[in-house]
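Visitor: The structure follows.
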Amino acid sequence: MIKTDVLIIGSGPAGYTAGLYTTRAGLNTTLFTGKNIGGQLMYTHEIENFPGYEKISGAELMNIFQKQVVSIGTTIENEQIKSLNIKKYPFEFTTESTRHGEAKAVIIATGSKAKWLNITGEEKFKGQGISVCATCDGFFYRNKIVAVIGGGNTALYEALFLARVASAVYLINNTDKFSGEFTLQKQVFENKKIIVLNNTSVQAFNGNERLESILIYNKKEEKQDILQINGVFEAIGTLPQTELVENQLELTSDGYIKTDKRTMETSVKGVFACGDVQENIYRQAINAAGSGCVAALGVEKFLLHPEPY
Ligand SMILES: Cc1cc2nc3c(=O)[nH]c(=O)nc-3n(C[C@H](O)[C@H](O)[C@H](O)COP(=O)(O)OP(=O)(O)OC[C@H]3O[C@@H](n4cnc5c(N)ncnc54)[C@H](O)[C@@H]3O)c2cc1C
C-alpha cells in the first residue's frame with residue numbers, strides 16, 4: 001500500500017511544477033508520470049517561448065523539470081494510474097500494476113491530446129511540416145505558405161495568428177460555414193492573406209523529407225486538387241484526459257475539468273487540477289506550469305492551513 005500526502009498524476013510542466021512546490025512545502029509527494037513521461041513537449045523539437053530559455057528542445061526542458069523535482073525528494077513512479085476514487089477520504093488509487101494507494105490530496109495534471117485527422121502521410125510529417133500549435137511553431141513559417149484545418153475558434157484564431165507571419169494561409173473547413181465566433185470570422189474574411197476553402201477536406205499529406213503538398217477534396221464540386229504548401233496546422237479539437245475522474249468531478253461543456261481559475265480547486269475539496277486538462281483556451285507550457293504552482297499552493301493550504309481564506 002502506497003501512502004502519500006499528495007498524489008500528482010502527470011509529468012508534464014503542470015505536474016512537475018506542482019511537485020516542486022508540494023515537496024518544498026514539506027509534504028510527502030508521489031508523482032505518477034504515466035506512459036508519456038515529460039508530457040506533450042517531448043515531441044517538440046524547438047521551444048522558443050519558455051521564459052529563461054532562448055531555444056531548447058522539449059525533451060531537454062522536461063528532463064530539467066524532472067531532475068529538479070527528483071533532487072528535492074519528490075517520489076517519481078514511472079507508471080500509469082488506472083483508477084482513482086475521490087468519493088472516499090483519504091482518496092484511493094490503483095496503478096496499472098495493481099498497486100493500491102491512499103492520498104490526502106490529489107493534483108490532476110493529465111494534460112490533453114490533440115485530435116489528429118489520421119490520414120495518409122500524417123505520421124511521417126508530424127513535426128516535419130505538420131503541427132497542432134500555431135503559437136508554438138508558427139514562427140518557423142515566416143514568409144511561407146501554410147494551411148490551417150478546422151472551422152472553430154481555434155482554427156480561426158490560428159489562421160489570424162499565422163497571417164501575421166506567413167505569406168499566405170489557406171483555411172480549410174469541411175463544411176460550408178465556420179462554427180467559430182462571429183468577430184473572429186469577420187477578421188478572417190477581412191484578412192487578405194487568408195484564403196478560405198469551404199466544403200473541403202484534406203485527404204493526404206505528401207512530400208519527401210518534409211511536407212510539400214496536400215491532397216484536398218471539395219465535396220460540393222466533387223473535385224480533388226493538390227495544394228503546394230510548407231506547413232499545415234491541424235485545429236480540429238483537443239481531448240482533455242479526464243477518464244480517471246469522469247462522473248466524479250464537474251466537467252465543462254467541452255469536457256475539461258472545471259476549476260476555480262484563481263485556486264485550481266475542482267468540485268471536490270482536496271482535489272485540484274492544473275495544466276491542459278482544465279485549460280480549454282491558452283494551452284501553453286508556461287501556463288500549465290503556472291497553474292501547477294497554484295494547485296500546489298492550494299494543496300498546501302488545504303493540508304497545512306485549513307482555516308478559511
Ligand atoms: C506539438 C506540440 C507542440 C507544442 N509546442 C509548445 C511550445 O513550443 N511552447 C509551449 O509553451 N507549449 C507548447 N505546446 C503545448 C504544451 O505542450 C502543453 O500546453 C503542455 O505540455 C501542457 O502541460 P500539462 O502538464 O498540462 O500536460 P501534458 O504535457 O500533456 O502532460 C500530461 C501528463 O499526464 C500523464 N498522464 C495522463 N494520464 C495519466 C494517468 N492515467 N496516470 C498517470 N499519468 C498520466 C502523461 O503521461 C503526461 O506525462 C505544444 C503542444 C504540442 C502538442
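Residue numbering restarts at 1 for every chain of the C-alpha cells, chains are lettered A, B, ... in their displayed order, and ligands are numbered from 1 as they appear.
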For Met42 (chain A), please output as a ChimeraX atom specification all residues within 10 Å (counting only C-alpha atoms; exclusion window: fewer than 2 positions along the same chain).
Guide: /A:12,36-40,44-45,57-63
Visitor: Show me which residues are within 7 Å of ligand 1 counting only C-alpha atoms and all ligand atoms, and format the list as number ranges by chain.
Guide: A: 9-15, 32-41, 43-44, 46-50, 79-82, 109-114, 131-133, 136-137, 241, 244, 274-277, 283-286, 288-289
Visitor: Take the selection from the previous step and output its residues with N, CA and C atoms, as a short mmCIF file (atom, residue, chain, number, x, y, z; two decimals), in the first residue's frame.
Guide:
```cif
data_model
loop_
_atom_site.label_atom_id
_atom_site.label_comp_id
_atom_site.auth_asym_id
_atom_site.auth_seq_id
_atom_site.Cartn_x
_atom_site.Cartn_y
_atom_site.Cartn_z
N ILE A 9 -0.80 13.35 -10.58
CA ILE A 9 -0.96 12.47 -11.74
C ILE A 9 -0.57 13.25 -12.98
N GLY A 10 0.58 12.90 -13.55
CA GLY A 10 1.04 13.56 -14.77
C GLY A 10 2.42 14.16 -14.63
N SER A 11 3.23 14.04 -15.70
CA SER A 11 4.62 14.51 -15.65
C SER A 11 4.92 15.53 -16.73
N GLY A 12 3.92 16.34 -17.06
CA GLY A 12 4.16 17.48 -17.95
C GLY A 12 4.59 18.67 -17.10
N PRO A 13 4.66 19.86 -17.70
CA PRO A 13 5.04 21.06 -16.94
C PRO A 13 4.16 21.31 -15.72
N ALA A 14 2.87 20.98 -15.82
CA ALA A 14 1.96 21.23 -14.70
C ALA A 14 2.28 20.31 -13.53
N GLY A 15 2.40 19.02 -13.81
CA GLY A 15 2.64 18.03 -12.75
C GLY A 15 3.98 18.25 -12.06
N PHE A 32 3.06 10.32 -10.32
CA PHE A 32 2.99 9.25 -11.32
C PHE A 32 3.13 9.87 -12.71
N THR A 33 4.13 9.40 -13.45
CA THR A 33 4.43 10.04 -14.74
C THR A 33 3.46 9.65 -15.84
N GLY A 34 2.84 8.47 -15.71
CA GLY A 34 2.06 7.94 -16.83
C GLY A 34 2.97 7.45 -17.93
N LYS A 35 2.37 7.04 -19.04
CA LYS A 35 3.16 6.44 -20.11
C LYS A 35 3.99 7.49 -20.85
N ASN A 36 3.47 8.69 -20.91
CA ASN A 36 4.16 9.73 -21.67
C ASN A 36 5.00 10.60 -20.73
N ILE A 37 6.14 10.06 -20.34
CA ILE A 37 6.98 10.75 -19.35
C ILE A 37 7.47 12.08 -19.93
N GLY A 38 7.14 13.17 -19.25
CA GLY A 38 7.53 14.50 -19.74
C GLY A 38 6.39 15.21 -20.48
N GLY A 39 5.36 14.46 -20.84
CA GLY A 39 4.17 15.07 -21.45
C GLY A 39 4.34 15.47 -22.92
N GLN A 40 3.45 16.31 -23.35
CA GLN A 40 3.35 16.67 -24.78
C GLN A 40 4.61 17.32 -25.36
N LEU A 41 5.35 18.02 -24.52
CA LEU A 41 6.51 18.75 -25.04
C LEU A 41 7.62 17.83 -25.53
N TYR A 43 7.65 15.89 -27.73
CA TYR A 43 7.65 15.75 -29.19
C TYR A 43 8.00 17.06 -29.90
N THR A 44 8.34 18.09 -29.14
CA THR A 44 8.61 19.38 -29.76
C THR A 44 10.12 19.57 -29.91
N GLU A 46 11.89 22.26 -30.99
CA GLU A 46 12.44 23.54 -30.52
C GLU A 46 11.37 24.35 -29.82
N ILE A 47 11.69 24.81 -28.63
CA ILE A 47 10.77 25.69 -27.90
C ILE A 47 11.48 27.03 -27.74
N GLU A 48 10.78 28.07 -28.15
CA GLU A 48 11.41 29.40 -28.07
C GLU A 48 10.58 30.35 -27.22
N ASN A 49 9.56 29.78 -26.54
CA ASN A 49 8.70 30.67 -25.76
C ASN A 49 8.54 30.24 -24.32
N PHE A 50 9.52 29.49 -23.82
CA PHE A 50 9.50 29.20 -22.38
C PHE A 50 10.51 30.13 -21.73
N GLU A 79 4.74 5.08 -13.83
CA GLU A 79 3.60 4.20 -14.04
C GLU A 79 2.35 5.02 -14.28
N GLN A 80 1.33 4.34 -14.78
CA GLN A 80 0.05 4.97 -15.08
C GLN A 80 -0.91 4.72 -13.91
N ILE A 81 -1.68 5.72 -13.56
CA ILE A 81 -2.75 5.49 -12.58
C ILE A 81 -3.94 4.90 -13.33
N LYS A 82 -4.45 3.81 -12.81
CA LYS A 82 -5.54 3.13 -13.53
C LYS A 82 -6.91 3.58 -13.04
N ALA A 109 -3.00 16.34 -13.35
CA ALA A 109 -2.24 17.10 -14.37
C ALA A 109 -2.05 16.21 -15.59
N THR A 110 -3.16 15.63 -16.02
CA THR A 110 -3.08 14.59 -17.06
C THR A 110 -3.08 15.16 -18.49
N GLY A 111 -3.17 16.47 -18.63
CA GLY A 111 -3.00 17.09 -19.94
C GLY A 111 -4.13 16.84 -20.93
N SER A 112 -3.81 17.08 -22.18
CA SER A 112 -4.80 16.85 -23.24
C SER A 112 -4.07 16.29 -24.45
N LYS A 113 -4.85 15.78 -25.35
CA LYS A 113 -4.26 15.24 -26.58
C LYS A 113 -4.92 15.94 -27.76
N ALA A 114 -4.10 16.31 -28.74
CA ALA A 114 -4.68 16.92 -29.94
C ALA A 114 -5.40 15.83 -30.74
N SER A 131 1.79 20.44 -37.71
CA SER A 131 1.79 20.85 -36.30
C SER A 131 0.36 20.95 -35.80
N VAL A 132 0.22 21.01 -34.48
CA VAL A 132 -1.11 21.27 -33.92
C VAL A 132 -1.07 22.52 -33.03
N CYS A 133 -0.04 23.35 -33.23
CA CYS A 133 0.07 24.53 -32.35
C CYS A 133 0.73 25.68 -33.09
N CYS A 136 3.09 27.82 -31.04
CA CYS A 136 4.40 27.19 -30.79
C CYS A 136 5.27 27.21 -32.05
N ASP A 137 4.69 26.84 -33.19
CA ASP A 137 5.51 26.57 -34.38
C ASP A 137 5.34 27.58 -35.51
N GLN A 241 -7.60 14.77 -20.97
CA GLN A 241 -7.51 13.40 -20.45
C GLN A 241 -8.19 13.29 -19.08
N LEU A 244 -10.01 9.37 -15.64
CA LEU A 244 -9.94 8.95 -14.22
C LEU A 244 -11.03 9.58 -13.37
N CYS A 274 -4.70 21.03 -12.87
CA CYS A 274 -3.88 22.10 -13.45
C CYS A 274 -3.43 21.69 -14.85
N GLY A 275 -2.97 22.68 -15.61
CA GLY A 275 -2.49 22.39 -16.96
C GLY A 275 -3.62 22.19 -17.96
N ASP A 276 -3.28 21.53 -19.04
CA ASP A 276 -4.19 21.43 -20.18
C ASP A 276 -5.49 20.67 -19.89
N VAL A 277 -5.50 19.85 -18.85
CA VAL A 277 -6.72 19.08 -18.58
C VAL A 277 -7.87 19.97 -18.13
N ARG A 283 -3.46 26.86 -24.07
CA ARG A 283 -2.70 25.66 -23.75
C ARG A 283 -1.23 25.87 -24.09
N GLN A 284 -0.48 26.34 -23.11
CA GLN A 284 0.94 26.60 -23.27
C GLN A 284 1.68 26.08 -22.04
N ALA A 285 2.95 25.72 -22.24
CA ALA A 285 3.72 25.11 -21.15
C ALA A 285 3.84 26.04 -19.94
N ILE A 286 4.08 27.31 -20.20
CA ILE A 286 4.27 28.23 -19.08
C ILE A 286 2.98 28.40 -18.29
N ALA A 288 0.65 26.05 -18.08
CA ALA A 288 0.48 24.78 -17.35
C ALA A 288 1.34 24.80 -16.08
N ALA A 289 2.58 25.25 -16.22
CA ALA A 289 3.48 25.30 -15.06
C ALA A 289 2.91 26.27 -14.00
#
```
Visitor: If you run DSSP on the backbone, which residues of region 47-177 of chain A are alpha helix (DSSP H), as a VMD selection string?
Guide: chain A and resid 58 to 71 122 to 125 134 to 137 153 to 163
Visitor: Could you pull out the residues in region 6-209 of chain A that DSSP calls strand (DSSP E or B) from the backbone, as a VMD selection string?
Guide: chain A and resid 6 to 9 29 to 32 47 56 75 to 77 81 to 85 91 to 95 100 to 108 112 to 114 120 126 130 to 131 145 to 149 168 to 172 194 to 197 200 to 207
Visitor: Compare A:Ile72, A:Gly121, A:Gln185, A:Glu279 by their minimum atom-to-atom distance to Gln203 (chain A), counting only C-alpha atoms, and give me the closest one.
Guide: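 Looking at the shortest contact to Gln203 (chain A), the residue is A:Gly121.
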Visitor: Name the residues in contact with region 290-304 of chain A at a cut-off of 9 Å, using only C-alpha atoms, excluding same-chain residues fewer than 3 positions from it; report them as a ChimeraX atom specification.
Guide: /A:5-6,13-22,25,27,104-107,109,261-265,269-275,285-287,307
Visitor: Output the selection as an mmCIF file, in the first residue's frame - N, CA and C atoms for each residue.
Guide:
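In the end it all went to part_39.cif:
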```cif
data_model
loop_
_atom_site.group_PDB
_atom_site.id
_atom_site.type_symbol
_atom_site.label_atom_id
_atom_site.label_comp_id
_atom_site.auth_asym_id
_atom_site.auth_seq_id
_atom_site.Cartn_x
_atom_site.Cartn_y
_atom_site.Cartn_z
ATOM 1 N N ASP A 5 1.036 12.035 1.145
ATOM 2 C CA ASP A 5 0.229 13.232 1.417
ATOM 3 C C ASP A 5 -0.414 13.698 0.117
ATOM 4 N N VAL A 6 0.439 13.791 -0.914
ATOM 5 C CA VAL A 6 -0.028 14.357 -2.184
ATOM 6 C C VAL A 6 0.213 13.372 -3.324
ATOM 7 N N PRO A 13 4.660 19.863 -17.702
ATOM 8 C CA PRO A 13 5.042 21.062 -16.940
ATOM 9 C C PRO A 13 4.158 21.310 -15.723
ATOM 10 N N ALA A 14 2.869 20.984 -15.822
ATOM 11 C CA ALA A 14 1.957 21.230 -14.697
ATOM 12 C C ALA A 14 2.284 20.307 -13.526
ATOM 13 N N GLY A 15 2.401 19.016 -13.809
ATOM 14 C CA GLY A 15 2.642 18.034 -12.747
ATOM 15 C C GLY A 15 3.978 18.251 -12.060
ATOM 16 N N TYR A 16 5.039 18.438 -12.830
ATOM 17 C CA TYR A 16 6.365 18.626 -12.224
ATOM 18 C C TYR A 16 6.418 19.906 -11.391
ATOM 19 N N THR A 17 5.800 20.975 -11.901
ATOM 20 C CA THR A 17 5.817 22.228 -11.126
ATOM 21 C C THR A 17 5.064 22.054 -9.813
ATOM 22 N N ALA A 18 3.932 21.361 -9.887
ATOM 23 C CA ALA A 18 3.164 21.112 -8.658
ATOM 24 C C ALA A 18 4.029 20.330 -7.668
ATOM 25 N N GLY A 19 4.757 19.326 -8.174
ATOM 26 C CA GLY A 19 5.614 18.508 -7.308
ATOM 27 C C GLY A 19 6.709 19.325 -6.646
ATOM 28 N N LEU A 20 7.230 20.271 -7.389
ATOM 29 C CA LEU A 20 8.291 21.134 -6.858
ATOM 30 C C LEU A 20 7.790 21.894 -5.622
ATOM 31 N N TYR A 21 6.583 22.423 -5.748
ATOM 32 C CA TYR A 21 6.041 23.234 -4.651
ATOM 33 C C TYR A 21 5.577 22.392 -3.467
ATOM 34 N N THR A 22 4.881 21.270 -3.715
ATOM 35 C CA THR A 22 4.367 20.495 -2.563
ATOM 36 C C THR A 22 5.533 19.857 -1.804
ATOM 37 N N ALA A 25 7.213 22.273 0.315
ATOM 38 C CA ALA A 25 6.392 22.659 1.469
ATOM 39 C C ALA A 25 6.455 21.588 2.556
ATOM 40 N N LEU A 27 5.593 18.412 2.168
ATOM 41 C CA LEU A 27 4.559 17.383 2.020
ATOM 42 C C LEU A 27 5.126 16.190 1.263
ATOM 43 N N LYS A 104 -3.868 12.149 0.727
ATOM 44 C CA LYS A 104 -4.688 13.146 1.427
ATOM 45 C C LYS A 104 -5.128 14.274 0.499
ATOM 46 N N ALA A 105 -4.400 14.438 -0.589
ATOM 47 C CA ALA A 105 -4.775 15.448 -1.599
ATOM 48 C C ALA A 105 -4.334 14.941 -2.967
ATOM 49 N N VAL A 106 -5.057 15.366 -3.987
ATOM 50 C CA VAL A 106 -4.744 14.898 -5.345
ATOM 51 C C VAL A 106 -4.625 16.101 -6.277
ATOM 52 N N ILE A 107 -3.581 16.050 -7.129
ATOM 53 C CA ILE A 107 -3.452 17.065 -8.191
ATOM 54 C C ILE A 107 -3.505 16.343 -9.529
ATOM 55 N N ALA A 109 -2.996 16.341 -13.351
ATOM 56 C CA ALA A 109 -2.243 17.103 -14.370
ATOM 57 C C ALA A 109 -2.050 16.211 -15.587
ATOM 58 N N LYS A 261 -10.447 29.259 -11.464
ATOM 59 C CA LYS A 261 -9.195 29.668 -12.120
ATOM 60 C C LYS A 261 -8.253 30.426 -11.184
ATOM 61 N N ARG A 262 -8.760 30.839 -10.033
ATOM 62 C CA ARG A 262 -7.899 31.554 -9.093
ATOM 63 C C ARG A 262 -7.125 30.575 -8.201
ATOM 64 N N THR A 263 -7.771 29.401 -7.935
ATOM 65 C CA THR A 263 -7.187 28.479 -6.948
ATOM 66 C C THR A 263 -6.908 27.075 -7.493
ATOM 67 N N MET A 264 -7.415 26.766 -8.671
ATOM 68 C CA MET A 264 -7.289 25.440 -9.291
ATOM 69 C C MET A 264 -8.053 24.352 -8.515
ATOM 70 N N GLU A 265 -8.982 24.779 -7.641
ATOM 71 C CA GLU A 265 -9.821 23.800 -6.937
ATOM 72 C C GLU A 265 -10.836 23.226 -7.914
ATOM 73 N N LYS A 269 -13.438 18.891 -2.724
ATOM 74 C CA LYS A 269 -12.431 19.501 -1.834
ATOM 75 C C LYS A 269 -11.209 18.584 -1.704
ATOM 76 N N GLY A 270 -10.031 19.163 -1.842
ATOM 77 C CA GLY A 270 -8.809 18.358 -1.722
ATOM 78 C C GLY A 270 -8.322 17.810 -3.057
ATOM 79 N N VAL A 271 -9.142 17.993 -4.093
ATOM 80 C CA VAL A 271 -8.727 17.564 -5.439
ATOM 81 C C VAL A 271 -8.547 18.817 -6.299
ATOM 82 N N PHE A 272 -7.359 18.950 -6.861
ATOM 83 C CA PHE A 272 -7.021 20.130 -7.669
ATOM 84 C C PHE A 272 -6.681 19.659 -9.079
ATOM 85 N N ALA A 273 -6.840 20.545 -10.053
ATOM 86 C CA ALA A 273 -6.449 20.187 -11.428
ATOM 87 C C ALA A 273 -5.662 21.351 -12.001
ATOM 88 N N CYS A 274 -4.700 21.029 -12.866
ATOM 89 C CA CYS A 274 -3.884 22.100 -13.450
ATOM 90 C C CYS A 274 -3.434 21.688 -14.847
ATOM 91 N N GLY A 275 -2.966 22.676 -15.611
ATOM 92 C CA GLY A 275 -2.487 22.388 -16.964
ATOM 93 C C GLY A 275 -3.616 22.185 -17.962
ATOM 94 N N ALA A 285 2.951 25.716 -22.242
ATOM 95 C CA ALA A 285 3.721 25.113 -21.149
ATOM 96 C C ALA A 285 3.836 26.040 -19.939
ATOM 97 N N ILE A 286 4.083 27.314 -20.197
ATOM 98 C CA ILE A 286 4.275 28.229 -19.076
ATOM 99 C C ILE A 286 2.979 28.404 -18.288
ATOM 100 N N ASN A 287 1.865 28.370 -18.991
ATOM 101 C CA ASN A 287 0.570 28.474 -18.326
ATOM 102 C C ASN A 287 0.295 27.211 -17.504
ATOM 103 N N GLU A 307 -7.729 26.694 7.644
ATOM 104 C CA GLU A 307 -8.684 27.739 8.041
ATOM 105 C C GLU A 307 -9.174 28.499 6.797
#
```
Visitor: Would you kindly return, as a VMD selection string, each protein, DNA or RNA residue with an atom no farther than 7 Å from any atom of Gln278 (chain A), considering only C-alpha atoms and excluding same-chain residues fewer than 6 positions away?
Guide: chain A and resid 256 to 259
Visitor: Just to be explicit: take each residue in the selection above, keep N, CA and C atoms, and write the result as a compact mmCIF listing (two decimals), in the first residue's frame.
Guide:
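Contents of part00.txt, freshly written:
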```txt
# COMPACT_ATOMS: atom_id res chain seq x y z
N TYR A 256 -13.59 19.63 -20.26
CA TYR A 256 -12.42 19.90 -19.41
C TYR A 256 -12.84 19.85 -17.93
N ILE A 257 -11.86 19.59 -17.04
CA ILE A 257 -12.18 19.63 -15.61
C ILE A 257 -12.47 21.07 -15.22
N LYS A 258 -13.60 21.25 -14.53
CA LYS A 258 -13.99 22.60 -14.12
C LYS A 258 -13.16 23.00 -12.91
N THR A 259 -12.45 24.12 -13.01
CA THR A 259 -11.67 24.61 -11.86
C THR A 259 -12.01 26.06 -11.58
```
Visitor: Which polymer residues have any atom within 8 Å of an atom of Asn198 (chain A), counting only C-alpha atoms, with same-chain residues fewer than 5 positions away left out, as a PyMOL selection string?
Guide: chain A and resi 172-177+218
Visitor: Hey, what's within 8 Å of Thr75 (chain A) if we count only C-alpha atoms and toss same-chain stuff fewer than 5 positions away? As a list in words, please?
Guide: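 Listing them by chain and then by number gives Thr29, Thr30, Leu31 and Val70 of chain A.
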Visitor: Could the residues in this selection be written to a file with N, CA and C atoms, as a CSV table (one decimal), in the first residue's frame?
Guide:
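Output contents, as saved in part_31.csv:
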```csv
chain,number,residue,atom,x,y,z
A,29,THR,N,5.3,13.7,-1.3
A,29,THR,CA,4.6,13.8,-2.6
A,29,THR,C,5.0,12.7,-3.5
A,30,THR,N,4.0,12.0,-4.1
A,30,THR,CA,4.3,11.0,-5.1
A,30,THR,C,3.7,11.4,-6.4
A,31,LEU,N,4.6,11.4,-7.5
A,31,LEU,CA,4.2,11.8,-8.8
A,31,LEU,C,4.2,10.6,-9.7
A,70,VAL,N,13.3,15.6,-8.7
A,70,VAL,CA,13.9,14.4,-8.1
A,70,VAL,C,14.9,14.9,-7.0
```
Visitor: I want to know what sits within 9 Å of Ser167 (chain A), based on only C-alpha atoms, with residues of the same chain fewer than 2 positions away left out; could you give that as a count of residues only?
Guide: 12
Visitor: Under the rule that only C-alpha atoms are counted, which of A:Glu250, A:Glu96, A:Glu123, A:Glu234 is the nearest residue to Tyr170 (chain A)?
Guide: A:Glu234
